[in-house]
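This report refers to the structure that appears directly beneath it.
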Amino acid sequence: MMNNPKIGKKTTGDVKPGRILIVDDDPDFRELLDLMLRKEGIQTAIAENGEDFLNKIDDFQPDLVTLDVMMPGLTTEEILEKLIKKKCKPKIILLTVVRYSEETLEKILKKGNIVAYIDKPFDLDDFMDTVNELLQTYKFKR
């Protein structure tokens with residue numbers, strides 16, 4: 001199920017291929033997303049957990065992040081709290097097998113720069129449509 005709670009206002013400027021940091025503890029899933037995104041001309045980097053993500057974000061400077069909700073180590077809330085202190089402030093797509101209550105979901109959506117959440121498993125074409133829509137909506141500039 002695709003959920004786009006905060007697809008926001010558009011900006012203007014030259015649009016370049018987006019940069020997406022894939023954060024997931026499942027190596028096969030990371031590789032699948034990486035291949036699909038690169039096939040679309042999107043620059044990618046991979047992180048296998050929250051700490052790895054936080055260590056890579058300022059160097060890679062992603063426009064979007066796909067962030068798995070259930071990973072070993074830091075919780076999603078801890079990752080979002082630590083992200084506030086980083087220079088880079090990417091838009092975040094949460095990928096989750098967790099079914100949140102409305103109250104919990106609202107709390108999480110307020111914590112970070114989350115622009116969409118996607119329930120796993122999901123249709124890969126729908127995922128790419130969401131990514132492309134977000135890249136067009138925000139018209140990331142370099």
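Identifiers in the structure tokens: chain A, B, ... in order shown; residue index from 1 per chain; ligand index from 1 in order shown.
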**OP:** Name the residues in contact with Arg99 of chain A at a cut-off of 12 Å, using only C-alpha atoms, excluding same-chain residues fewer than 6 positions from it; report them as a list of chain:residue names.
**Re:**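 Those residues are A:Met1, A:Val69, A:Met70, A:Leu105, A:Tyr117, A:Ile118, A:Asp119, A:Lys120.
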**OP:** List every residue of chain A that DSSP, applied to the backbone of this structure, assigns to helix (DSSP H, G or I), and report them as a VMD selection string.
**Re:** chain A and resid 27 to 39 50 to 60 76 to 83 102 to 111 124 to 138
**OP:** Find the residues around Pro90 of chain A up to 8 Å (only C-alpha atoms counted), leave out those fewer than 6 positions away in its own chain, and share them as a list of chain:residue names.
**Re:**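 The filter keeps A:Gln61, A:Pro62, A:Asp63, A:Leu64, A:Val65, A:Asn113.
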Could you write out the selected residues, including C-alpha atoms, as a PDB file, in the first residue's frame?
```pdb
ATOM      1  CA  GLN A  61      24.167  14.337   0.144  1.00  0.00           C
ATOM      2  CA  PRO A  62      21.041  12.396  -0.950  1.00  0.00           C
ATOM      3  CA  ASP A  63      17.864  14.093  -2.087  1.00  0.00           C
ATOM      4  CA  LEU A  64      15.781  11.141  -0.916  1.00  0.00           C
ATOM      5  CA  VAL A  65      16.360   8.319   1.534  1.00  0.00           C
ATOM      6  CA  ASN A 113      11.427  15.051   6.897  1.00  0.00           C
TER       7      ASN A 113
END
```
Closest atom pairs, segment 14-34 of chain A residues within 9 Å of segment 71-89 of chain A, only C-alpha atoms, as JSON lines:
```
{"residue": "A:Asp24", "atom": "CA", "partner": "A:Met71", "partner_atom": "CA", "distance": 7.0}
{"residue": "A:Asp25", "atom": "CA", "partner": "A:Met71", "partner_atom": "CA", "distance": 5.9}
{"residue": "A:Asp26", "atom": "CA", "partner": "A:Met71", "partner_atom": "CA", "distance": 8.8}
```
Subject >> Interatomic distance (Å, one decimal) between atom CA of Phe127 of chain A and atom CA of Arg30 of chain A >> reply: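 Computing the Euclidean distance for atom CA of Phe127 of chain A and atom CA of Arg30 of chain A yields 13.7 Å.
Straight-line separation from atom CA of Pro121 of chain A to atom CA of Ser101 of chain A: 18.4 Å.
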Subject >> Pick from A:Val115, A:Leu135, A:Leu94, A:Leu37 nearest to Leu67 of chain A, counting only C-alpha atoms >> reply: A:Leu94
Original post:
Quick one, how far is atom CA of Lys39 of chain A from atom CA of Thr66 of chain A?
Top reply: 16.5 Å
